[in-house]
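Chemist: So here's coords-v8.csv, just CSV, C-alpha atoms:
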chain,number,residue,atom,x,y,z
A,1,MET,CA,-0.9,19.7,8.5
A,2,GLU,CA,0.1,16.3,7.2
A,3,GLU,CA,-2.6,14.2,5.6
A,4,PRO,CA,-3.9,11.4,7.8
A,5,LEU,CA,-3.7,7.6,7.3
A,6,ASN,CA,-7.3,6.3,7.2
A,7,LEU,CA,-7.9,2.6,8.0
A,8,VAL,CA,-11.2,0.9,7.7
A,9,LEU,CA,-10.9,-2.2,9.9
A,10,PHE,CA,-13.4,-4.9,8.8
A,11,SER,CA,-11.7,-8.2,9.7
A,12,GLY,CA,-11.4,-9.3,13.3
A,13,THR,CA,-8.7,-11.9,13.2
A,14,ASP,CA,-5.6,-11.4,15.2
A,15,ASP,CA,-3.3,-11.5,12.2
A,16,ARG,CA,-5.1,-8.8,10.3
A,17,LEU,CA,-5.5,-6.7,13.4
A,18,GLN,CA,-1.8,-7.0,14.2
A,19,ALA,CA,-1.0,-5.9,10.6
A,20,ALA,CA,-3.4,-2.9,11.2
A,21,ALA,CA,-1.7,-2.1,14.5
A,22,VAL,CA,1.8,-2.1,12.8
A,23,LEU,CA,0.5,0.3,10.1
A,24,THR,CA,-1.0,2.5,12.8
A,25,ALA,CA,2.1,2.6,15.0
A,26,GLY,CA,4.4,3.2,12.0
A,27,ALA,CA,2.3,6.2,10.9
A,28,ALA,CA,2.1,7.5,14.5
A,29,ALA,CA,5.9,7.3,14.7
A,30,LEU,CA,6.2,9.4,11.6
A,31,GLY,CA,3.9,12.1,13.1
A,32,LYS,CA,1.1,11.2,10.7
A,33,PRO,CA,-2.5,11.3,12.2
A,34,VAL,CA,-4.4,8.0,11.9
A,35,ASN,CA,-8.1,7.6,11.7
A,36,LEU,CA,-9.5,4.1,12.3
A,37,PHE,CA,-13.1,3.2,11.4
A,38,LEU,CA,-14.3,-0.1,12.9
A,39,GLN,CA,-16.8,-2.3,11.0
A,40,TYR,CA,-18.2,-5.7,11.4
A,41,TRP,CA,-15.9,-8.3,12.9
A,42,ALA,CA,-13.2,-5.8,13.7
A,43,LEU,CA,-15.7,-3.8,15.8
A,44,ASP,CA,-16.7,-7.0,17.6
A,45,ALA,CA,-13.0,-7.6,18.5
A,46,PHE,CA,-12.9,-4.2,20.2
A,47,ARG,CA,-15.6,-5.2,22.7
A,48,ARG,CA,-14.3,-4.5,26.2
A,49,ASP,CA,-14.7,-8.1,27.3
A,50,ARG,CA,-13.2,-9.6,24.1
A,51,ILE,CA,-10.3,-7.4,23.1
A,52,ASP,CA,-7.7,-9.4,25.0
A,53,GLN,CA,-9.1,-12.8,24.0
A,54,ASP,CA,-7.9,-15.0,21.1
A,55,HIS,CA,-9.7,-13.9,17.9
A,56,GLY,CA,-8.3,-16.6,15.6
A,57,LEU,CA,-6.3,-16.2,12.4
A,58,ALA,CA,-7.2,-16.1,8.7
A,59,PRO,CA,-7.9,-19.7,7.6
A,60,GLU,CA,-4.9,-19.6,5.3
A,61,ALA,CA,-2.6,-19.3,8.3
A,62,GLY,CA,-2.9,-23.1,8.8
A,63,ALA,CA,-1.2,-25.0,11.6
A,64,GLU,CA,2.3,-23.6,10.7
A,65,GLY,CA,1.1,-20.0,10.8
A,66,ARG,CA,-0.7,-20.6,14.1
A,67,ALA,CA,2.5,-22.1,15.6
A,68,HIS,CA,4.6,-19.0,14.5
A,69,VAL,CA,2.1,-16.6,16.0
A,70,ASP,CA,1.9,-18.6,19.3
A,71,ASP,CA,5.7,-18.8,19.5
A,72,LEU,CA,6.1,-15.0,19.1
A,73,ARG,CA,3.4,-14.3,21.7
A,74,ARG,CA,5.2,-16.7,24.2
A,75,ALA,CA,8.5,-14.8,23.4
A,76,GLY,CA,6.8,-11.7,24.7
A,77,GLN,CA,5.3,-10.0,21.6
A,78,VAL,CA,2.7,-7.5,22.7
A,79,SER,CA,-0.9,-7.9,21.4
A,80,TRP,CA,-2.3,-5.7,18.6
A,81,ALA,CA,-4.5,-4.0,21.3
A,82,GLU,CA,-1.4,-3.1,23.2
A,83,VAL,CA,0.4,-1.8,20.0
A,84,MET,CA,-2.7,0.3,19.4
A,85,ARG,CA,-2.5,1.7,23.0
A,86,GLN,CA,1.1,2.6,22.5
A,87,ALA,CA,0.4,4.2,19.2
A,88,LYS,CA,-2.3,6.4,20.9
A,89,ASP,CA,0.3,7.5,23.5
A,90,LEU,CA,2.8,8.2,20.7
A,91,GLY,CA,0.7,10.1,18.2
A,92,GLU,CA,-2.7,11.3,17.0
A,93,VAL,CA,-4.8,8.2,16.7
A,94,ASP,CA,-8.5,8.4,16.5
A,95,ILE,CA,-10.6,5.2,16.7
A,96,GLN,CA,-14.3,5.4,15.7
A,97,ALA,CA,-16.9,2.7,15.6
A,98,CYS,CA,-19.2,2.5,12.5
A,99,SER,CA,-22.7,3.3,13.7
A,100,LEU,CA,-24.3,0.8,11.3
A,101,SER,CA,-22.1,-2.0,12.5
A,102,MET,CA,-22.9,-1.0,16.1
A,103,ASP,CA,-26.6,-1.6,15.2
A,104,LEU,CA,-25.9,-4.9,13.4
A,105,LEU,CA,-24.0,-6.4,16.3
A,106,HIS,CA,-26.2,-4.8,19.1
A,107,ILE,CA,-23.2,-3.1,20.7
A,108,ASP,CA,-23.5,-0.1,22.9
A,109,GLU,CA,-20.7,2.4,23.5
A,110,ALA,CA,-20.3,1.1,27.0
A,111,ASP,CA,-19.5,-2.3,25.6
A,112,LEU,CA,-16.4,-1.0,23.8
A,113,ASP,CA,-12.8,-0.9,25.1
A,114,PRO,CA,-11.7,2.6,26.1
A,115,LEU,CA,-9.4,2.5,23.0
A,116,VAL,CA,-12.5,3.5,21.0
A,117,ASP,CA,-13.0,7.2,21.0
A,118,GLY,CA,-16.6,7.4,19.7
A,119,VAL,CA,-19.2,6.3,17.1
A,120,GLU,CA,-19.7,7.9,13.7
A,121,GLY,CA,-21.2,7.3,10.3
A,122,VAL,CA,-19.3,6.7,7.1
A,123,THR,CA,-19.8,10.3,5.8
A,124,ALA,CA,-18.1,11.7,8.9
A,125,PHE,CA,-15.2,9.2,8.3
A,126,TYR,CA,-14.9,10.5,4.7
A,127,LEU,CA,-14.9,14.1,5.8
A,128,ASN,CA,-12.0,13.5,8.2
A,129,ALA,CA,-10.1,11.4,5.8
A,130,GLY,CA,-9.0,14.3,3.6
A,131,SER,CA,-6.8,13.2,0.8
A,132,GLY,CA,-4.7,10.9,2.9
A,133,HIS,CA,-4.3,7.2,2.2
A,134,MET,CA,-7.4,5.0,2.7
A,135,VAL,CA,-6.9,1.3,3.4
A,136,PHE,CA,-9.4,-1.5,4.0
A,137,ILE,CA,-8.2,-4.4,6.1
B,138,MET,CA,7.7,11.9,-11.3
B,139,GLU,CA,4.5,10.0,-11.2
B,140,GLU,CA,3.3,8.9,-7.8
B,141,PRO,CA,3.8,5.2,-7.1
B,142,LEU,CA,1.2,2.5,-6.5
B,143,ASN,CA,1.8,1.0,-3.0
B,144,LEU,CA,0.6,-2.5,-2.3
B,145,VAL,CA,0.7,-4.1,1.1
B,146,LEU,CA,0.4,-7.8,0.4
B,147,PHE,CA,-1.0,-9.7,3.5
B,148,SER,CA,-2.8,-12.6,2.0
B,149,GLY,CA,-1.0,-15.6,0.5
B,150,THR,CA,-3.7,-17.3,-1.4
B,151,ASP,CA,-3.2,-17.7,-5.2
B,152,ASP,CA,-6.4,-15.7,-6.0
B,153,ARG,CA,-5.4,-12.6,-4.1
B,154,LEU,CA,-1.8,-12.8,-5.2
B,155,GLN,CA,-3.0,-13.1,-8.8
B,156,ALA,CA,-5.2,-10.0,-8.3
B,157,ALA,CA,-2.2,-8.2,-6.8
B,158,ALA,CA,-0.1,-9.2,-9.8
B,159,VAL,CA,-2.6,-7.9,-12.2
B,160,LEU,CA,-2.7,-4.5,-10.4
B,161,THR,CA,1.1,-4.5,-10.4
B,162,ALA,CA,1.4,-5.3,-14.1
B,163,GLY,CA,-1.3,-2.8,-15.1
B,164,ALA,CA,0.5,0.0,-13.2
B,165,ALA,CA,3.9,-1.0,-14.6
B,166,ALA,CA,2.4,-0.9,-18.1
B,167,LEU,CA,1.3,2.7,-17.5
B,168,GLY,CA,4.8,3.7,-16.4
B,169,LYS,CA,3.7,4.0,-12.8
B,170,PRO,CA,6.3,2.8,-10.2
B,171,VAL,CA,5.0,0.1,-7.8
B,172,ASN,CA,6.1,-0.6,-4.3
B,173,LEU,CA,5.1,-3.9,-2.8
B,174,PHE,CA,5.4,-4.6,1.0
B,175,LEU,CA,5.1,-8.3,1.9
B,176,GLN,CA,3.6,-9.2,5.3
B,177,TYR,CA,2.4,-12.4,6.9
B,178,TRP,CA,1.1,-15.1,4.6
B,179,ALA,CA,2.0,-13.2,1.4
B,180,LEU,CA,5.6,-13.1,2.6
B,181,ASP,CA,5.5,-16.8,3.2
B,182,ALA,CA,4.3,-17.4,-0.3
B,183,PHE,CA,7.4,-15.6,-1.7
B,184,ARG,CA,9.8,-18.2,-0.1
B,185,ARG,CA,12.1,-19.5,-2.8
B,186,ASP,CA,11.0,-23.1,-2.3
B,187,ARG,CA,7.3,-22.3,-2.1
B,188,ILE,CA,6.7,-19.5,-4.7
B,189,ASP,CA,5.8,-21.9,-7.5
B,190,GLN,CA,3.6,-24.2,-5.3
B,191,ASP,CA,-0.1,-24.2,-4.9
B,192,HIS,CA,-1.1,-21.7,-2.2
B,193,GLY,CA,-4.8,-22.4,-2.2
B,194,LEU,CA,-7.7,-20.0,-2.7
B,195,ALA,CA,-9.9,-18.0,-0.4
B,196,PRO,CA,-12.5,-20.3,1.2
B,197,GLU,CA,-15.3,-18.5,-0.6
B,198,ALA,CA,-13.9,-19.7,-4.0
B,199,GLY,CA,-15.5,-23.1,-3.4
B,200,ALA,CA,-15.3,-26.0,-5.7
B,201,GLU,CA,-16.6,-24.0,-8.7
B,202,GLY,CA,-14.0,-21.3,-8.2
B,203,ARG,CA,-11.3,-23.9,-7.8
B,204,ALA,CA,-12.3,-25.5,-11.1
B,205,HIS,CA,-12.2,-22.2,-12.9
B,206,VAL,CA,-8.7,-21.4,-11.7
B,207,ASP,CA,-7.5,-24.9,-12.5
B,208,ASP,CA,-9.0,-24.7,-16.0
B,209,LEU,CA,-7.3,-21.4,-16.7
B,210,ARG,CA,-4.0,-22.7,-15.5
B,211,ARG,CA,-4.3,-25.7,-17.7
B,212,ALA,CA,-5.1,-23.4,-20.6
B,213,GLY,CA,-1.7,-21.8,-20.1
B,214,GLN,CA,-2.3,-18.8,-17.8
B,215,VAL,CA,0.9,-17.8,-16.2
B,216,SER,CA,1.2,-17.8,-12.4
B,217,TRP,CA,1.1,-14.7,-10.3
B,218,ALA,CA,4.8,-15.1,-9.7
B,219,GLU,CA,5.5,-15.0,-13.4
B,220,VAL,CA,3.2,-12.0,-13.9
B,221,MET,CA,5.3,-10.2,-11.2
B,222,ARG,CA,8.5,-11.2,-13.0
B,223,GLN,CA,7.2,-9.8,-16.2
B,224,ALA,CA,6.1,-6.6,-14.5
B,225,LYS,CA,9.6,-6.1,-13.1
B,226,ASP,CA,11.0,-6.4,-16.6
B,227,LEU,CA,8.5,-3.9,-17.9
B,228,GLY,CA,8.6,-1.2,-15.2
B,229,GLU,CA,9.8,0.0,-11.9
B,230,VAL,CA,8.6,-2.6,-9.4
B,231,ASP,CA,10.2,-2.8,-6.0
B,232,ILE,CA,9.3,-5.7,-3.7
B,233,GLN,CA,10.3,-5.4,0.0
B,234,ALA,CA,9.7,-7.9,2.8
B,235,CYS,CA,8.3,-6.5,6.1
B,236,SER,CA,11.0,-7.0,8.7
B,237,LEU,CA,8.5,-7.8,11.5
B,238,SER,CA,6.9,-10.5,9.4
B,239,MET,CA,10.4,-11.9,8.6
B,240,ASP,CA,10.9,-12.3,12.4
B,241,LEU,CA,7.5,-13.8,12.9
B,242,LEU,CA,7.9,-16.5,10.3
B,243,HIS,CA,11.7,-17.1,10.9
B,244,ILE,CA,12.6,-16.2,7.4
B,245,ASP,CA,16.1,-15.1,6.3
B,246,GLU,CA,16.7,-13.1,3.1
B,247,ALA,CA,18.3,-16.1,1.6
B,248,ASP,CA,15.0,-18.0,1.9
B,249,LEU,CA,13.2,-15.5,-0.4
B,250,ASP,CA,12.7,-15.7,-4.1
B,251,PRO,CA,15.0,-13.4,-6.1
B,252,LEU,CA,11.8,-11.4,-6.9
B,253,VAL,CA,12.2,-9.8,-3.5
B,254,ASP,CA,14.5,-6.8,-3.5
B,255,GLY,CA,15.1,-6.4,0.2
B,256,VAL,CA,13.8,-6.1,3.7
B,257,GLU,CA,12.5,-2.9,5.3
B,258,GLY,CA,10.3,-1.6,8.1
B,259,VAL,CA,6.9,0.0,7.8
B,260,THR,CA,8.2,3.5,8.2
B,261,ALA,CA,10.5,3.1,5.2
B,262,PHE,CA,7.6,1.8,3.2
B,263,TYR,CA,5.6,4.9,4.1
B,264,LEU,CA,8.4,7.3,3.2
B,265,ASN,CA,8.6,5.7,-0.2
B,266,ALA,CA,4.8,5.7,-0.7
B,267,GLY,CA,4.5,9.4,-1.2
B,268,SER,CA,1.0,10.4,-2.0
B,269,GLY,CA,0.3,7.5,-4.4
B,270,HIS,CA,-2.5,5.0,-3.9
B,271,MET,CA,-2.0,2.6,-1.0
B,272,VAL,CA,-3.9,-0.7,-1.2
B,273,PHE,CA,-4.0,-3.6,1.3
B,274,ILE,CA,-4.7,-7.1,-0.3
C,275,MET,CA,-14.3,18.0,-10.1
C,276,GLU,CA,-14.0,16.1,-6.9
C,277,GLU,CA,-11.7,13.1,-7.0
C,278,PRO,CA,-13.5,9.8,-7.2
C,279,LEU,CA,-13.5,6.9,-4.7
C,280,ASN,CA,-12.2,3.8,-6.4
C,281,LEU,CA,-13.1,0.4,-5.1
C,282,VAL,CA,-11.7,-2.9,-6.3
C,283,LEU,CA,-14.2,-5.5,-5.2
C,284,PHE,CA,-12.5,-8.9,-4.9
C,285,SER,CA,-14.5,-10.7,-2.2
C,286,GLY,CA,-18.0,-12.0,-2.9
C,287,THR,CA,-19.2,-12.6,0.6
C,288,ASP,CA,-22.3,-10.7,1.8
C,289,ASP,CA,-20.5,-9.0,4.7
C,290,ARG,CA,-17.7,-7.5,2.6
C,291,LEU,CA,-20.1,-6.6,-0.2
C,292,GLN,CA,-22.4,-4.8,2.4
C,293,ALA,CA,-19.3,-2.9,3.7
C,294,ALA,CA,-18.5,-2.0,0.1
C,295,ALA,CA,-22.1,-0.8,-0.5
C,296,VAL,CA,-22.0,1.4,2.6
C,297,LEU,CA,-18.7,3.0,1.5
C,298,THR,CA,-20.3,3.5,-2.0
C,299,ALA,CA,-23.5,5.0,-0.7
C,300,GLY,CA,-21.7,7.3,1.7
C,301,ALA,CA,-19.5,8.7,-1.0
C,302,ALA,CA,-22.4,9.1,-3.4
C,303,ALA,CA,-24.3,11.0,-0.6
C,304,LEU,CA,-21.3,13.4,-0.4
C,305,GLY,CA,-21.4,14.0,-4.2
C,306,LYS,CA,-18.2,12.0,-4.7
C,307,PRO,CA,-18.1,9.9,-7.9
C,308,VAL,CA,-17.5,6.2,-7.2
C,309,ASN,CA,-15.7,3.7,-9.6
C,310,LEU,CA,-16.1,0.1,-8.8
C,311,PHE,CA,-14.0,-2.6,-10.5
C,312,LEU,CA,-15.3,-6.2,-10.0
C,313,GLN,CA,-12.8,-9.1,-9.8
C,314,TYR,CA,-13.0,-12.7,-9.0
C,315,TRP,CA,-15.7,-13.7,-6.4
C,316,ALA,CA,-17.2,-10.3,-6.3
C,317,LEU,CA,-17.8,-10.4,-10.0
C,318,ASP,CA,-19.4,-13.8,-9.6
C,319,ALA,CA,-21.8,-12.3,-7.0
C,320,PHE,CA,-23.0,-9.7,-9.6
C,321,ARG,CA,-24.3,-12.4,-12.0
C,322,ARG,CA,-27.9,-11.7,-12.8
C,323,ASP,CA,-29.1,-15.0,-11.5
C,324,ARG,CA,-27.0,-14.9,-8.3
C,325,ILE,CA,-27.1,-11.3,-7.1
C,326,ASP,CA,-30.1,-11.7,-4.8
C,327,GLN,CA,-29.0,-15.1,-3.4
C,328,ASP,CA,-27.1,-15.8,-0.2
C,329,HIS,CA,-23.3,-15.4,-0.8
C,330,GLY,CA,-22.2,-16.5,2.7
C,331,LEU,CA,-20.1,-14.6,5.1
C,332,ALA,CA,-16.4,-14.5,5.9
C,333,PRO,CA,-15.5,-17.6,8.0
C,334,GLU,CA,-14.6,-15.5,11.0
C,335,ALA,CA,-18.3,-14.4,11.2
C,336,GLY,CA,-19.1,-17.6,13.0
C,337,ALA,CA,-22.5,-18.6,14.1
C,338,GLU,CA,-22.9,-15.5,16.2
C,339,GLY,CA,-22.1,-13.2,13.3
C,340,ARG,CA,-24.4,-15.2,11.0
C,341,ALA,CA,-27.3,-14.8,13.5
C,342,HIS,CA,-26.8,-11.0,13.7
C,343,VAL,CA,-26.8,-10.7,9.9
C,344,ASP,CA,-29.9,-12.8,9.6
C,345,ASP,CA,-31.7,-10.8,12.4
C,346,LEU,CA,-31.0,-7.5,10.6
C,347,ARG,CA,-32.2,-8.9,7.3
C,348,ARG,CA,-35.5,-10.1,8.9
C,349,ALA,CA,-35.9,-6.7,10.5
C,350,GLY,CA,-35.9,-5.2,7.0
C,351,GLN,CA,-32.4,-4.2,6.2
C,352,VAL,CA,-32.0,-4.0,2.4
C,353,SER,CA,-29.4,-6.1,0.6
C,354,TRP,CA,-26.0,-4.8,-0.5
C,355,ALA,CA,-27.3,-5.0,-4.1
C,356,GLU,CA,-30.2,-2.7,-3.2
C,357,VAL,CA,-27.9,-0.3,-1.4
C,358,MET,CA,-25.8,-0.2,-4.6
C,359,ARG,CA,-28.9,0.5,-6.7
C,360,GLN,CA,-29.9,3.3,-4.4
C,361,ALA,CA,-26.4,4.7,-4.6
C,362,LYS,CA,-26.6,4.7,-8.4
C,363,ASP,CA,-29.9,6.7,-8.2
C,364,LEU,CA,-28.3,9.1,-5.8
C,365,GLY,CA,-25.0,9.8,-7.3
C,366,GLU,CA,-22.4,9.1,-10.0
C,367,VAL,CA,-21.6,5.4,-9.5
C,368,ASP,CA,-19.9,3.4,-12.3
C,369,ILE,CA,-19.5,-0.3,-12.0
C,370,GLN,CA,-17.1,-2.1,-14.3
C,371,ALA,CA,-16.3,-5.8,-14.6
C,372,CYS,CA,-12.6,-6.8,-14.9
C,373,SER,CA,-12.1,-8.3,-18.3
C,374,LEU,CA,-9.6,-10.9,-17.0
C,375,SER,CA,-12.0,-12.1,-14.3
C,376,MET,CA,-14.8,-12.3,-16.9
C,377,ASP,CA,-12.6,-14.8,-18.8
C,378,LEU,CA,-11.6,-16.7,-15.7
C,379,LEU,CA,-15.2,-17.3,-14.7
C,380,HIS,CA,-16.6,-17.7,-18.2
C,381,ILE,CA,-19.0,-14.8,-17.8
C,382,ASP,CA,-20.6,-12.9,-20.6
C,383,GLU,CA,-21.9,-9.4,-20.3
C,384,ALA,CA,-25.4,-10.7,-20.7
C,385,ASP,CA,-24.9,-12.8,-17.5
C,386,LEU,CA,-24.4,-9.8,-15.4
C,387,ASP,CA,-26.9,-7.8,-13.4
C,388,PRO,CA,-27.9,-4.5,-15.0
C,389,LEU,CA,-26.1,-2.7,-12.1
C,390,VAL,CA,-22.9,-3.4,-14.0
C,391,ASP,CA,-22.2,-0.7,-16.6
C,392,GLY,CA,-19.5,-2.4,-18.6
C,393,VAL,CA,-16.3,-4.4,-18.9
C,394,GLU,CA,-12.8,-2.9,-18.8
C,395,GLY,CA,-9.2,-3.7,-18.2
C,396,VAL,CA,-7.1,-2.7,-15.2
C,397,THR,CA,-5.4,0.1,-17.1
C,398,ALA,CA,-8.7,1.8,-17.9
C,399,PHE,CA,-9.6,1.5,-14.2
C,400,TYR,CA,-6.4,3.2,-13.3
C,401,LEU,CA,-6.9,6.0,-15.8
C,402,ASN,CA,-10.3,6.8,-14.4
C,403,ALA,CA,-9.1,6.6,-10.8
C,404,GLY,CA,-7.2,9.9,-10.8
C,405,SER,CA,-5.8,10.7,-7.5
C,406,GLY,CA,-8.8,9.6,-5.5
C,407,HIS,CA,-8.8,7.0,-2.8
C,408,MET,CA,-8.3,3.4,-4.0
C,409,VAL,CA,-9.6,0.6,-1.7
C,410,PHE,CA,-9.4,-3.2,-2.2
C,411,ILE,CA,-12.2,-5.1,-0.5
Now that the file is in, can you turn its structure into structure tokens?
Modeler:
Amino acid sequence: MEEPLNLVLFSGTDDRLQAAAVLTAGAAALGKPVNLFLQYWALDAFRRDRIDQDHGLAPEAGAEGRAHVDDLRRAGQVSWAEVMRQAKDLGEVDIQACSLSMDLLHIDEADLDPLVDGVEGVTAFYLNAGSGHMVFI
Amino acid sequence: MEEPLNLVLFSGTDDRLQAAAVLTAGAAALGKPVNLFLQYWALDAFRRDRIDQDHGLAPEAGAEGRAHVDDLRRAGQVSWAEVMRQAKDLGEVDIQACSLSMDLLHIDEADLDPLVDGVEGVTAFYLNAGSGHMVFI
Amino acid sequence: MEEPLNLVLFSGTDDRLQAAAVLTAGAAALGKPVNLFLQYWALDAFRRDRIDQDHGLAPEAGAEGRAHVDDLRRAGQVSWAEVMRQAKDLGEVDIQACSLSMDLLHIDEADLDPLVDGVEGVTAFYLNAGSGHMVFI
């Protein structure tokens, strides 16, 4: 079986999450399994009641970057959450919340968007990662 | 053939771009091919008319970090763009702009510095990546 | 021998360093060797007289994130530096400072916390990395 792409999502800004969604969708389109592991601010962005909100951009985006992102959204670009949903329909995409970050942020599984498949520790993440690429975003 | 080093450049601040340039040059010096894929703010930094400008530092650099970077530049340290140029002379370094980010930022190929070899989608990037390291910066 | 996990630590904020420490400890628990390479603001955070100080969080943490981190610390969570120390006791964890960043920040080996095993260049880091995962944080 093809080696999976393994993404540790740490950052919860919309630009990094969109970059992560593009990497996920591209891998799914190639038939490559994708394992996502949600930590810290990325995990917070996957809360059921926050996932479709504005999560800001990296500070370096500045006003010009902000304007470009807003323009594209108004022109009909789908959100990173929607790209993730489409990638799950298309391929084998497994999204796990980091158990330590769940504790840190006082999040229960019921608080998370249905995109998230479960909660696991970092050792389980490693064991599933095999020798595929591992990327921290 | 040796497996390539694959770098996804997302951030466009001078400190992260300098770190990326050092990783690129080190790999090139070892005879390892390097594939760079430019997204978002990193792509913006490779515009022909911006590449040699100041792109700021990560917020965490603070005033002390800023002073260290300025001191080194005054002492003759070459810019990350120049390190990239040297790495291209030294080895096999291919720099591609992400087509989705080109659309986002309204950039045409003619706007990009000659360091950039072309424009491609994420699936092409994956297919060239093989089983080499993949790093997101 | 099992392939190592290779972490390039660039960021020096407590949240990213804690994420790095968790990845390090998890790998060590699985018997996987870990190579850490300290650059820029991460290197600065490993100074002997700064390692146990507050290094801030990513800007996106906001006041809510800050409160969560402070709560957990008050509840007895150990610092990332202590997690790194425990990981070194548990497994094969090698921490090297990037020689170029040492110059940039005017740091001598004597300034670094004993957690750091030495100073090396990026090519030495690559040669030790083998075909294990390489992650930039």
Chemist: Select residues of chain B: the criterion is any atom within 7 Å of an atom of chain C, counting only C-alpha atoms; output as a PyMOL selection string.
Modeler: chain B and resi 160+163+198+205-206+209+270+272-274
Chemist: Taking all atoms listed in the file into account, which of C:Ile325, C:Val357, C:Leu310, C:Ala341 comes nearest Glu394 (chain C)?
Modeler: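 Looking at the shortest contact to Glu394 (chain C), the residue is C:Leu310.
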Chemist: Could you give me, as a PyMOL selection string, the residues within 10 Å of Ala110 (chain A), counting all atoms listed in the file and dropping anything in the same chain fewer than 4 positions from it?
Modeler: chain A and resi 47-48+114
Chemist: Residues at most 7 Å from region 359-371 of chain C, counting only C-alpha atoms, excluding those fewer than 2 positions away in the same chain, as a PyMOL selection string?
Modeler: chain C and resi 298-299+302-303+305+307-313+317+355-357+373+389-394
Chemist: Report the distance between CA of Leu7 (chain A) and CA of Ala20 (chain A) in Å, rounded to one decimal place.
Modeler: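 Atom-to-atom, CA of Leu7 (chain A) to CA of Ala20 (chain A), that is 7.8 Å.
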Chemist: One decimal, in Å: what's the spacing between CA of Asp151 (chain B) and CA of Asp71 (chain A)?
Modeler: 26.3 Å
Chemist: When distances are computed from only C-alpha atoms, which of A:Lys32, A:Glu2, A:Arg16, A:Val22 shows the smallest separation from Cys235 (chain B)?
Modeler: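 Ranking A:Lys32, A:Glu2, A:Arg16, A:Val22 by distance to Cys235 (chain B), first place goes to A:Val22.
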Chemist: Take CA of Gly213 (chain B) and CA of Asn143 (chain B) and report the distance between them in Å, one decimal.
Modeler: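 Computing the Euclidean distance for CA of Gly213 (chain B) and CA of Asn143 (chain B) yields 28.7 Å.
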Chemist: Given the choices C:Ala295, C:Ile381, C:Met376, C:Val352, which gets closest to Asp326 (chain C) if the distance is worked out from all atoms listed in the file?
Modeler: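 The answer is C:Val352, which sits nearest to Asp326 (chain C).
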